[in-house]
Each structure stands twice: as C-alpha cells, then as structure tokens.
Amino acid sequence: MPKFAANISLLFAELPYLERFQAAAEAGFKAVEILFPYELAAKETRRALLANGLELVLINAPPPNYTGGEPGYAVVPGGESRFQSDIRRVLRYAEVLRPGLIHIMSGYATGSEAQDRFVHNLQWAADFAPQQQFTIEPLNPLSQPGYFLNDYDLAARVLDRVNRPNVGLQYDSFHAHLIHGDAQAVWDRFHPRIVHAQIGAAPDRTEPGNGPTDFQTLFSAIDATGYAGWVSAEYTPSTPRTPDSLDWMRV
C-alpha cells in the first residue's frame, strides 16, 4: 500500500484547526497537507506538526485573496509582480513550516498568452527557490470553471516548456476522473511526471470506495510504478466523523 497523508483542510473538519493534527496522527497518518495555512502564524502550525510527529507534505500558493478575488493568478495578464510578491510570502511561511511541496495555482484565463505567462512565472519561482519543490495540478472544469490548467496533456506541455527539475506534476484521482474519465488511466500514462498524488472519489469527492474508481487496483498500480511519494486523502467525508470514513485505509 502507498504511504497515506491527510489533507486536514478537508479531513477532520469537525474539529478546530489545531486539533486536527492530533486527530490525524491518532488515525494513523504520518503526514498532512494543508491547502492554505496562512490564517495563523506559521509557528503555531509548526508546533502542532512537531507535537504530533507529522510531516507537512504540501501547501498551496498563492495565499488567499481576502478581498474576494479568485485563487491563483499565475496566468493572469499584469499579475507578474503580484505573483512574485506572494511567492516570496509563501516561501517565508515555508521557511518555518518546511513543506515538501508547494502547489502553484494557475488561475483563470485561456489561450497561448496565458500559457506563456504561466511558464514564465513557474520558471521564475523555480529559479528563485531552487531547493524548493513546486507542483502544478490540473483541476476539472466542473469544479473550477475557467481554470487555465484543466487537462493533464496541457500540464505535460507546460512542464516541458518550464524544464526545471523542481517543478513537477500533482495528480488527483477526483480531478483526473472528471477530466479524462478514468483516474487509473491518467496515473498509468503520466506517473513518470508525478511528484505528489491525492485521492478522492468522483463525482462527489467523498472517500475512496464510492464512485467508479477501483481504489485498491489504483493503489496497486501506484505501488507497481515504484512511486515513493505521499498519497494524500483529499476528500470531504460522507460521515459526520472523519475516522468513520477511513475504512479504505484498513483494507
């Protein structure tokens, strides 16, 4: 079986944020990811990680736009200066939190010029922080209408153009199924590029065991490829208590 991490932005949401770390550890997770850990001082999150012996796998960039803007603007015209400023801010959090990966969200735009801006911004981030691993992740157009990075083939083209060793592909079974119709086929085709994986059942993003994806077969395929990274549970539990949604871990 792969090694599993918990996305505590979605899992254990029945608990206050700082209590989720202990709950994740007690459920058997050795690592967590956090979508946007920017509301608290980084040292508070770091203390919770250390107190529970947890590794931080991933955080998202950029920080939320509290004025109501859409998440991500790496493809948005005129957003280069803001992108660089917020990547610097994210990296200041990363100095304390020490995430293995930072997911850079593309934002909302279309066309070749948007791709050019995305490539340029990713290259800037990769060169500015060469010791930090970054990811990009295709998001399905039903959940995120208008999101630029909405296809794994597009992601592959972007990565080819970026051509930096510290920028890789982030896979999510939920998005992969809704984009291409077969989460495992996406894994089989793109796994050499994948540096981080997430799981959730399509079409409603609940726990593995629901929907059309055979997760035990997917887990076997992940193991068979020699993937050594984390597989993060990123779903909304269908149960009131997150631990009651974790039977898929115990098979």
# chains A, B, ... in the order shown; residues from 1 in each chain; ligands from 1
$ residues_around --residues "Phe128 in chain A" --least-positions-apart "2" --cutoff "12 Å" --atoms "only C-alpha atoms" --output "list in words"
Gln84, Ser85, Ile87, Arg88, Leu91, Asn121, Leu122, Gln123, Trp124, Ala125, Ala126, Pro130, Gln131, Gln132, Gln133, Phe134, Arg164 and Asn166 of chain A
$ closest_atom_pairs --of "range 151-209 of chain A" --to "range 28-50 of chain A" --cutoff "12 Å" --atoms "only C-alpha atoms" --output "JSON lines"
{"residue": "A:His196", "atom": "CA", "partner": "A:Glu33", "partner_atom": "CA", "distance": 11.0}
{"residue": "A:Ala197", "atom": "CA", "partner": "A:Glu33", "partner_atom": "CA", "distance": 11.3}
{"residue": "A:Gln198", "atom": "CA", "partner": "A:Glu33", "partner_atom": "CA", "distance": 10.1}
$ write_last_selection --atoms "C-alpha atoms" --output "compact mmCIF listing (two decimals), in the first residue's frame"
# COMPACT_ATOMS: atom_id res chain seq x y z
CA HIS A 196 2.57 14.13 -5.49
CA ALA A 197 -0.74 12.25 -5.52
CA GLN A 198 -4.14 12.91 -3.98
$ residues_around --residues "range 200-211 of chain A" --least-positions-apart "6" --cutoff "6 Å" --atoms "only C-alpha atoms" --output "mmCIF file with N, CA, C and O atoms, in the first residue's frame"
data_model
loop_
_atom_site.group_PDB
_atom_site.id
_atom_site.type_symbol
_atom_site.label_atom_id
_atom_site.label_comp_id
_atom_site.auth_asym_id
_atom_site.auth_seq_id
_atom_site.Cartn_x
_atom_site.Cartn_y
_atom_site.Cartn_z
ATOM 1 N N SER A 173 -6.995 11.890 -8.108
ATOM 2 C CA SER A 173 -7.878 10.917 -8.755
ATOM 3 C C SER A 173 -9.252 11.502 -9.047
ATOM 4 O O SER A 173 -9.875 11.168 -10.060
ATOM 5 N N PHE A 174 -9.745 12.376 -8.175
ATOM 6 C CA PHE A 174 -11.051 13.013 -8.372
ATOM 7 C C PHE A 174 -11.032 13.868 -9.640
ATOM 8 O O PHE A 174 -11.874 13.720 -10.535
ATOM 9 N N GLU A 234 -7.623 13.620 0.050
ATOM 10 C CA GLU A 234 -8.182 14.967 -0.119
ATOM 11 C C GLU A 234 -9.634 14.812 -0.549
ATOM 12 O O GLU A 234 -9.943 14.816 -1.742
ATOM 13 N N TYR A 235 -10.498 14.655 0.416
ATOM 14 C CA TYR A 235 -11.912 14.455 0.105
ATOM 15 C C TYR A 235 -12.762 14.992 1.254
ATOM 16 O O TYR A 235 -12.249 15.271 2.348
ATOM 17 N N THR A 236 -14.040 15.134 1.003
ATOM 18 C CA THR A 236 -14.998 15.533 2.031
ATOM 19 C C THR A 236 -15.683 14.277 2.539
ATOM 20 O O THR A 236 -16.411 13.620 1.785
ATOM 21 N N PRO A 237 -15.440 13.881 3.783
ATOM 22 C CA PRO A 237 -16.033 12.638 4.277
ATOM 23 C C PRO A 237 -17.554 12.645 4.171
ATOM 24 O O PRO A 237 -18.212 13.676 4.398
ATOM 25 N N SER A 238 -18.100 11.495 3.820
ATOM 26 C CA SER A 238 -19.556 11.360 3.772
ATOM 27 C C SER A 238 -20.129 11.077 5.148
ATOM 28 O O SER A 238 -21.349 11.003 5.314
#
$ atom_distance --atom1 "CA of Arg189 in chain A" --atom2 "CA of Ile8 in chain A"
28.7 Å
$ select_by_dssp --residues "range 83-179 of chain A" --states "alpha helix (DSSP H)" --output "number ranges by chain"
A: 83-97, 112-128, 152-162, 173-179
$ atom_distance --atom1 "CA of Pro62 in chain A" --atom2 "CA of Asp86 in chain A"
6.0 Å
